[in-house]
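Colleague: Quick one: the structure is below, and I'll ask about it shortly.
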Amino acid sequence: MRYIDEFRDRGLVKGLVRDIESASTRKTNLMEVCGTHTMAIFRSGIRRILPASVNLISGPGCPVCVTSQSDIDRMLYLAGRKDTIITTFGDMLKVPGTESSLEKKHASGADIRIVYSPLDALAIAEANPRKKIVFLAVGFETTAPIIASVISDAAEKKISNFFVYCCHKTIPAAMKALLETREIRIDGFLCPGHVSSIIGSRAYEFIARDFNVPCAISGFEPTDILETILMLIRQKKDGRACVEIQYKRAVQEQGNVKAKEMMDRVFEPSDGDWRGLGVIHDSGLKIRKAYRFFDATAEFRIPALQAKEPRGCACAEVLRGIKTPRQCGLFAKTCTPETPFGPCMVSTEGTCAAWFKYNRN
Amino acid sequence: MCLAIPVRIISVNGTSAEVDANGVKRAADVRFIDNPKAGDYVLLHAGFAIEKIDRDQAAETLALLKDIYYEE
């Protein structure tokens, strides 16, 4: 078993869609809160084979997209300094800040390097002792334990020129905030598979219990996603709300204990600033005092900057699920992957990028 | 960004492992994995194995799906 092809079986897909059709008797809004799910859903064409009663809505699941404009501007400030090398995942490069982007800064001479792993960023720090290396840490609970490990490694190796600009965010807090706005009716959440590999299914129990909204943790292949949709529709139909695990091969109730311990050792909960959702209490992660040395906000005096979001850009509404990209006046006209106005068109996991690629007309 | 791919562990040396990612050899940090062994499948994200893939659970999911939903 290679854990991919088996979960793309045509016969299984057909059977699952047949059962979704017969179970889905009324309009159901299901939200995915993971950009990797958004892409998997579009790429596999699942939206086109579902009955019209099942409405899939993309939520705030793309880490690059939910990074606030102020954070982007502060990253750009750091990139503009002569003493830094910026290390980042590639998706951040084209995100427009108020006045520039990392790509433009790079073109005008800033040292910005794309890394596959934060371990590579630490290696760059060791190889360039005269420079200050800043890693731009965006991501949810899948990524946070990895960054925590690298910070812990840097402490152990006594590396003195490695810093992290930390924008980590936690998903259950955003789901709660979305439900509390009551802007949109959500009948069920497709919970993110790999975030859940780390945090476990228990982390969502309050959503099912306190808000009476069905949750199911999904894998990323077509039969995974269809089975999850069926689980959610059945919960709703039976008047139940609980947390089911569809992605059992990679998710346990308690999550990955070692990874959670590492995350807790280095980070503590803090207010997170989300594009589209604003500041949400305890929805972010900040570096604990014991590791403060590695915190870029402690190392560099970042001036107060006036962040402005691009005029006419509906990323904020798209991230809350209250607008589809096509309801944005810029979509596919002036805003394209080549000339993006907002991050949802930039990131490969952004909702606008997905609609542009697979559902433009 | 939360993309993680199933890879097979080839060898383990402390908290580092060599893995086979669909034919390509790569390094993976396996510090989050309990008792990693050659032959185990893990999910690889940003250079780290974030979780072991449970073979029995995968087989059970597929068997159940085939039993209930398979349509020619």
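Labels for the structure tokens follow display order: chains A, B, ..., residues from 1 in each chain, ligands from 1.
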Among chain B, which residues does DSSP mark as strand (DSSP E or B) when it is run on the backbone? Keep the chain and numbering as in the structure and answer as JSON, numbers by chain.
Modeller: {"B": [5, 6, 7, 8, 9, 10, 11, 12, 13, 16, 17, 18, 19, 20, 21, 24, 25, 26, 27, 28, 29, 41, 42, 43, 44, 45, 48, 49, 50, 51, 52]}
Colleague: For those residues, write N, CA and C atoms to a file as a compact mmCIF listing (two decimals), in the first residue's frame.
Modeller:
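Saved result, part_33.txt, follows:
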# COMPACT_ATOMS: atom_id res chain seq x y z
N ILE B 5 3.23 14.45 2.76
CA ILE B 5 3.14 13.32 1.83
C ILE B 5 3.56 12.03 2.52
N PRO B 6 2.91 10.92 2.13
CA PRO B 6 3.33 9.64 2.71
C PRO B 6 4.67 9.21 2.13
N VAL B 7 5.62 8.93 3.00
CA VAL B 7 6.94 8.45 2.56
C VAL B 7 7.31 7.21 3.36
N ARG B 8 8.20 6.38 2.79
CA ARG B 8 8.61 5.14 3.46
C ARG B 8 10.01 5.31 4.05
N ILE B 9 10.16 4.95 5.30
CA ILE B 9 11.47 5.06 5.94
C ILE B 9 12.40 3.97 5.40
N ILE B 10 13.61 4.39 4.95
CA ILE B 10 14.61 3.44 4.46
C ILE B 10 15.54 3.05 5.61
N SER B 11 16.03 4.07 6.34
CA SER B 11 16.91 3.77 7.47
C SER B 11 16.78 4.88 8.51
N VAL B 12 17.12 4.53 9.76
CA VAL B 12 17.01 5.49 10.86
C VAL B 12 18.35 5.60 11.56
N ASN B 13 18.75 6.84 11.85
CA ASN B 13 19.97 7.07 12.61
C ASN B 13 19.65 8.15 13.66
N SER B 16 17.31 11.20 12.89
CA SER B 16 17.27 11.44 11.44
C SER B 16 16.95 10.14 10.72
N ALA B 17 16.28 10.29 9.60
CA ALA B 17 15.97 9.11 8.80
C ALA B 17 16.17 9.44 7.34
N GLU B 18 16.45 8.38 6.57
CA GLU B 18 16.41 8.53 5.12
C GLU B 18 15.09 7.94 4.67
N VAL B 19 14.37 8.68 3.83
CA VAL B 19 13.05 8.20 3.41
C VAL B 19 12.95 8.15 1.90
N ASP B 20 12.03 7.33 1.42
CA ASP B 20 11.74 7.22 0.00
C ASP B 20 10.43 7.95 -0.26
N ALA B 21 10.55 9.09 -0.96
CA ALA B 21 9.36 9.87 -1.30
C ALA B 21 9.04 9.61 -2.76
N VAL B 24 12.14 9.23 -4.70
CA VAL B 24 13.21 10.19 -4.43
C VAL B 24 13.66 10.03 -2.98
N LYS B 25 14.99 9.93 -2.79
CA LYS B 25 15.51 9.79 -1.43
C LYS B 25 15.61 11.16 -0.76
N ARG B 26 15.13 11.22 0.47
CA ARG B 26 15.19 12.50 1.18
C ARG B 26 15.52 12.25 2.64
N ALA B 27 15.96 13.32 3.32
CA ALA B 27 16.20 13.23 4.77
C ALA B 27 14.93 13.66 5.50
N ALA B 28 14.68 13.03 6.62
CA ALA B 28 13.53 13.42 7.43
C ALA B 28 13.92 13.39 8.89
N ASP B 29 13.44 14.39 9.62
CA ASP B 29 13.64 14.40 11.07
C ASP B 29 12.48 13.60 11.69
N TYR B 41 5.69 3.76 7.15
CA TYR B 41 5.30 4.93 6.38
C TYR B 41 5.01 6.07 7.35
N VAL B 42 5.52 7.27 7.01
CA VAL B 42 5.23 8.45 7.83
C VAL B 42 4.77 9.58 6.92
N LEU B 43 4.14 10.60 7.52
CA LEU B 43 3.74 11.78 6.76
C LEU B 43 4.83 12.83 6.89
N LEU B 44 5.36 13.27 5.74
CA LEU B 44 6.49 14.21 5.73
C LEU B 44 5.99 15.63 5.44
N HIS B 45 6.33 16.55 6.35
CA HIS B 45 5.95 17.96 6.19
C HIS B 45 7.14 18.83 6.58
N PHE B 48 10.07 17.21 8.34
CA PHE B 48 9.79 16.44 9.56
C PHE B 48 8.70 15.40 9.31
N ALA B 49 8.87 14.24 9.94
CA ALA B 49 7.78 13.26 9.97
C ALA B 49 6.84 13.71 11.08
N ILE B 50 5.57 13.98 10.73
CA ILE B 50 4.64 14.50 11.75
C ILE B 50 3.80 13.40 12.37
N GLU B 51 3.67 12.26 11.68
CA GLU B 51 2.90 11.16 12.27
C GLU B 51 3.17 9.89 11.48
N LYS B 52 3.10 8.77 12.18
CA LYS B 52 3.22 7.48 11.51
C LYS B 52 1.88 7.16 10.86
Colleague: Compile the contact shell of Glu221 of chain A as a list in words: residues with an atom at most 7 Å away, counting only C-alpha atoms, same-chain residues fewer than 5 positions apart removed.
Modeller: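 What passes the distance filter is Ile4, Phe7 and Arg8 of chain A.
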Colleague: I need the chain B residues near chain A as a PDB file with N, CA and C atoms, in the first residue's frame; criterion: at most 6 Å, counting only C-alpha atoms.
Modeller:
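To be explicit, this is the file written out as result.pdb:
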ATOM      1  N   PHE B  32       9.506  13.244  16.324  1.00  0.00           N
ATOM      2  CA  PHE B  32       8.127  13.171  16.845  1.00  0.00           C
ATOM      3  C   PHE B  32       7.524  11.770  16.751  1.00  0.00           C
ATOM      4  N   ALA B  46       7.605  19.650   5.645  1.00  0.00           N
ATOM      5  CA  ALA B  46       8.711  20.593   5.899  1.00  0.00           C
ATOM      6  C   ALA B  46       9.922  19.922   6.553  1.00  0.00           C
ATOM      7  N   GLY B  47      10.256  18.731   6.063  1.00  0.00           N
ATOM      8  CA  GLY B  47      11.464  18.063   6.549  1.00  0.00           C
ATOM      9  C   GLY B  47      11.270  17.226   7.798  1.00  0.00           C
ATOM     10  N   ILE B  53       1.905   6.521   9.690  1.00  0.00           N
ATOM     11  CA  ILE B  53       0.653   6.096   9.077  1.00  0.00           C
ATOM     12  C   ILE B  53       0.329   4.692   9.576  1.00  0.00           C
ATOM     13  N   ASP B  54      -0.860   4.531  10.078  1.00  0.00           N
ATOM     14  CA  ASP B  54      -1.276   3.272  10.681  1.00  0.00           C
ATOM     15  C   ASP B  54      -1.798   2.336   9.587  1.00  0.00           C
ATOM     16  N   GLN B  57      -5.227   0.639  10.237  1.00  0.00           N
ATOM     17  CA  GLN B  57      -6.355   1.572  10.094  1.00  0.00           C
ATOM     18  C   GLN B  57      -6.621   1.864   8.625  1.00  0.00           C
ATOM     19  N   ALA B  58      -5.555   2.040   7.844  1.00  0.00           N
ATOM     20  CA  ALA B  58      -5.723   2.318   6.414  1.00  0.00           C
ATOM     21  C   ALA B  58      -6.428   1.152   5.733  1.00  0.00           C
ATOM     22  N   TYR B  69     -19.562   0.715  -0.304  1.00  0.00           N
ATOM     23  CA  TYR B  69     -19.826   1.681  -1.353  1.00  0.00           C
ATOM     24  C   TYR B  69     -19.438   1.265  -2.763  1.00  0.00           C
ATOM     25  N   TYR B  70     -18.647   0.197  -2.904  1.00  0.00           N
ATOM     26  CA  TYR B  70     -18.087  -0.053  -4.226  1.00  0.00           C
ATOM     27  C   TYR B  70     -19.176  -0.212  -5.296  1.00  0.00           C
ATOM     28  N   GLU B  71     -19.030   0.530  -6.359  1.00  0.00           N
ATOM     29  CA  GLU B  71     -19.997   0.454  -7.469  1.00  0.00           C
ATOM     30  C   GLU B  71     -19.238   0.302  -8.772  1.00  0.00           C
ATOM     31  N   GLU B  72     -19.630  -0.677  -9.586  1.00  0.00           N
ATOM     32  CA  GLU B  72     -18.931  -0.902 -10.869  1.00  0.00           C
ATOM     33  C   GLU B  72     -19.204   0.225 -11.845  1.00  0.00           C
TER      34      GLU B  72
END
Colleague: So that I can see what lies close to Phe294 of chain A, please list as a VMD selection string the residues with an atom at most 9 Å from it, counting only C-alpha atoms and leaving out residues fewer than 6 positions away in the same chain.
Modeller: chain A and resid 151 154 to 155 160 to 165 287
Colleague: Write out the residues from the selection above, keeping N, CA and C atoms, as a CSV table (one decimal), in the first residue's frame.
Modeller:
chain,number,residue,atom,x,y,z
A,151,ILE,N,13.8,26.1,16.8
A,151,ILE,CA,14.2,27.1,17.8
A,151,ILE,C,14.9,26.4,19.0
A,154,ALA,N,18.4,25.5,17.9
A,154,ALA,CA,19.2,26.7,17.9
A,154,ALA,C,19.7,27.1,19.3
A,155,ALA,N,18.8,26.9,20.3
A,155,ALA,CA,19.2,27.1,21.7
A,155,ALA,C,20.3,26.2,22.1
A,160,SER,N,23.6,32.3,17.6
A,160,SER,CA,23.2,33.6,18.1
A,160,SER,C,22.7,34.5,17.0
A,161,ASN,N,22.6,34.0,15.8
A,161,ASN,CA,22.2,34.8,14.7
A,161,ASN,C,21.0,34.3,13.9
A,162,PHE,N,20.1,33.5,14.7
A,162,PHE,CA,18.9,33.0,14.1
A,162,PHE,C,17.7,33.5,14.8
A,163,PHE,N,16.7,34.1,14.1
A,163,PHE,CA,15.6,34.7,14.7
A,163,PHE,C,14.3,34.2,13.9
A,164,VAL,N,13.2,34.2,14.6
A,164,VAL,CA,11.9,33.8,14.0
A,164,VAL,C,10.9,34.9,14.2
A,165,TYR,N,10.3,35.3,13.0
A,165,TYR,CA,9.2,36.2,13.1
A,165,TYR,C,8.0,35.3,13.1
A,287,ILE,N,6.5,33.2,21.1
A,287,ILE,CA,7.7,32.5,21.6
A,287,ILE,C,7.8,32.8,23.1
Colleague: Between atom CA of Arg130 of chain A and atom CA of Ala148 of chain A, measure the distance and give it in Å to one decimal.
Modeller: 23.7 Å
Colleague: Quick one: DSSP helix (DSSP H, G or I) residues in segment 43-257 of chain A, as a PyMOL selection string?
Modeller: chain A and resi 43-44+46-49+63-66+69-80+90-92+102-107+118-127+144-156+171-181+193-199+201-211+222-237+257
Colleague: Filtering to C-alpha atoms, could you give me those residues as an mmCIF file, in the first residue's frame?
Modeller:
data_model
loop_
_atom_site.group_PDB
_atom_site.id
_atom_site.type_symbol
_atom_site.label_atom_id
_atom_site.label_comp_id
_atom_site.auth_asym_id
_atom_site.auth_seq_id
_atom_site.Cartn_x
_atom_site.Cartn_y
_atom_site.Cartn_z
ATOM 1 C CA ARG A 43 -8.159 19.397 -8.246
ATOM 2 C CA SER A 44 -10.199 16.227 -7.956
ATOM 3 C CA ILE A 46 -15.419 16.826 -6.319
ATOM 4 C CA ARG A 47 -17.531 19.998 -6.460
ATOM 5 C CA ARG A 48 -18.814 18.997 -9.882
ATOM 6 C CA ILE A 49 -19.994 15.529 -8.907
ATOM 7 C CA PRO A 63 -1.847 30.291 6.523
ATOM 8 C CA VAL A 64 -0.353 32.766 4.077
ATOM 9 C CA CYS A 65 -3.807 34.208 3.351
ATOM 10 C CA VAL A 66 -4.778 34.766 6.987
ATOM 11 C CA GLN A 69 -1.330 43.041 6.426
ATOM 12 C CA SER A 70 0.542 44.500 9.427
ATOM 13 C CA ASP A 71 2.545 41.294 9.799
ATOM 14 C CA ILE A 72 3.355 41.292 6.067
ATOM 15 C CA ASP A 73 4.557 44.903 6.350
ATOM 16 C CA ARG A 74 6.742 44.067 9.349
ATOM 17 C CA MET A 75 8.278 41.164 7.413
ATOM 18 C CA LEU A 76 8.991 43.550 4.539
ATOM 19 C CA TYR A 77 10.686 45.938 6.960
ATOM 20 C CA LEU A 78 12.932 43.103 8.153
ATOM 21 C CA ALA A 79 13.715 42.173 4.537
ATOM 22 C CA GLY A 80 14.729 45.770 3.820
ATOM 23 C CA GLY A 90 7.934 30.079 -1.203
ATOM 24 C CA ASP A 91 4.260 30.964 -0.921
ATOM 25 C CA MET A 92 5.041 34.208 0.934
ATOM 26 C CA LEU A 102 9.189 40.108 -0.697
ATOM 27 C CA GLU A 103 9.609 39.434 -4.401
ATOM 28 C CA LYS A 104 10.059 43.142 -5.133
ATOM 29 C CA LYS A 105 12.426 43.532 -2.185
ATOM 30 C CA HIS A 106 14.418 40.611 -3.557
ATOM 31 C CA ALA A 107 14.555 42.220 -6.997
ATOM 32 C CA PRO A 118 13.187 25.610 8.719
ATOM 33 C CA LEU A 119 16.149 23.276 9.310
ATOM 34 C CA ASP A 120 17.606 24.761 6.113
ATOM 35 C CA ALA A 121 17.172 28.240 7.602
ATOM 36 C CA LEU A 122 19.182 27.190 10.649
ATOM 37 C CA ALA A 123 21.918 25.823 8.355
ATOM 38 C CA ILE A 124 22.013 29.186 6.542
ATOM 39 C CA ALA A 125 22.485 30.873 9.937
ATOM 40 C CA GLU A 126 25.424 28.617 10.758
ATOM 41 C CA ALA A 127 26.996 29.306 7.355
ATOM 42 C CA ALA A 144 4.365 25.040 14.597
ATOM 43 C CA PRO A 145 5.999 21.998 16.293
ATOM 44 C CA ILE A 146 8.612 21.941 13.521
ATOM 45 C CA ILE A 147 9.511 25.592 14.048
ATOM 46 C CA ALA A 148 9.557 24.928 17.805
ATOM 47 C CA SER A 149 12.048 22.100 17.258
ATOM 48 C CA VAL A 150 14.324 24.309 15.207
ATOM 49 C CA ILE A 151 14.219 27.078 17.837
ATOM 50 C CA SER A 152 15.050 24.474 20.474
ATOM 51 C CA ASP A 153 17.933 23.177 18.306
ATOM 52 C CA ALA A 154 19.226 26.739 17.876
ATOM 53 C CA ALA A 155 19.229 27.148 21.667
ATOM 54 C CA GLU A 156 21.059 23.872 22.158
ATOM 55 C CA ILE A 171 -7.314 26.515 13.860
ATOM 56 C CA PRO A 172 -9.961 25.637 16.499
ATOM 57 C CA ALA A 173 -9.885 29.249 17.756
ATOM 58 C CA ALA A 174 -10.675 30.521 14.249
ATOM 59 C CA MET A 175 -13.541 28.020 13.841
ATOM 60 C CA LYS A 176 -15.041 29.292 17.100
ATOM 61 C CA ALA A 177 -14.628 32.931 16.022
ATOM 62 C CA LEU A 178 -16.367 32.205 12.706
ATOM 63 C CA LEU A 179 -19.314 30.569 14.435
ATOM 64 C CA GLU A 180 -19.598 33.476 16.856
ATOM 65 C CA THR A 181 -19.868 36.051 14.051
ATOM 66 C CA GLY A 193 -6.205 16.232 8.554
ATOM 67 C CA HIS A 194 -2.610 17.158 9.229
ATOM 68 C CA VAL A 195 -3.341 19.837 11.829
ATOM 69 C CA SER A 196 -5.303 17.076 13.545
ATOM 70 C CA SER A 197 -2.390 14.607 13.303
ATOM 71 C CA ILE A 198 -0.746 16.997 15.776
ATOM 72 C CA ILE A 199 -3.622 18.288 17.946
ATOM 73 C CA SER A 201 -9.682 15.038 17.579
ATOM 74 C CA ARG A 202 -10.352 16.151 21.157
ATOM 75 C CA ALA A 203 -9.324 19.690 20.241
ATOM 76 C CA TYR A 204 -12.602 20.130 18.311
ATOM 77 C CA GLU A 205 -14.963 18.615 20.853
ATOM 78 C CA PHE A 206 -16.039 22.028 22.176
ATOM 79 C CA ILE A 207 -17.200 23.006 18.677
ATOM 80 C CA ALA A 208 -19.555 20.032 18.466
ATOM 81 C CA ARG A 209 -20.685 20.346 22.091
ATOM 82 C CA ASP A 210 -21.054 24.130 22.548
ATOM 83 C CA PHE A 211 -22.150 25.094 19.038
ATOM 84 C CA PRO A 222 -11.039 11.927 -3.090
ATOM 85 C CA THR A 223 -12.577 8.992 -1.198
ATOM 86 C CA ASP A 224 -11.419 10.552 2.096
ATOM 87 C CA ILE A 225 -13.152 13.834 1.358
ATOM 88 C CA LEU A 226 -16.342 12.189 0.064
ATOM 89 C CA GLU A 227 -16.563 9.892 3.078
ATOM 90 C CA THR A 228 -16.121 12.913 5.359
ATOM 91 C CA ILE A 229 -18.909 14.787 3.558
ATOM 92 C CA LEU A 230 -21.166 11.771 4.021
ATOM 93 C CA MET A 231 -20.315 11.596 7.745
ATOM 94 C CA LEU A 232 -21.232 15.266 8.186
ATOM 95 C CA ILE A 233 -24.491 14.993 6.237
ATOM 96 C CA ARG A 234 -25.504 11.956 8.296
ATOM 97 C CA GLN A 235 -24.709 13.683 11.596
ATOM 98 C CA LYS A 236 -26.815 16.658 10.545
ATOM 99 C CA LYS A 237 -29.663 14.452 9.367
ATOM 100 C CA VAL A 257 1.963 13.933 22.115
#
Colleague: What is the distance, in Å and to one decimal place, between atom CA of Glu309 of chain A and atom CA of Lys169 of chain A?
Modeller: 20.1 Å
Colleague: Between atom CA of Pro343 of chain A and atom CA of Ser58 of chain A, what distance in Å does the model show, to one decimal?
Modeller: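 That distance, rounded to one decimal, is 14.5 Å.
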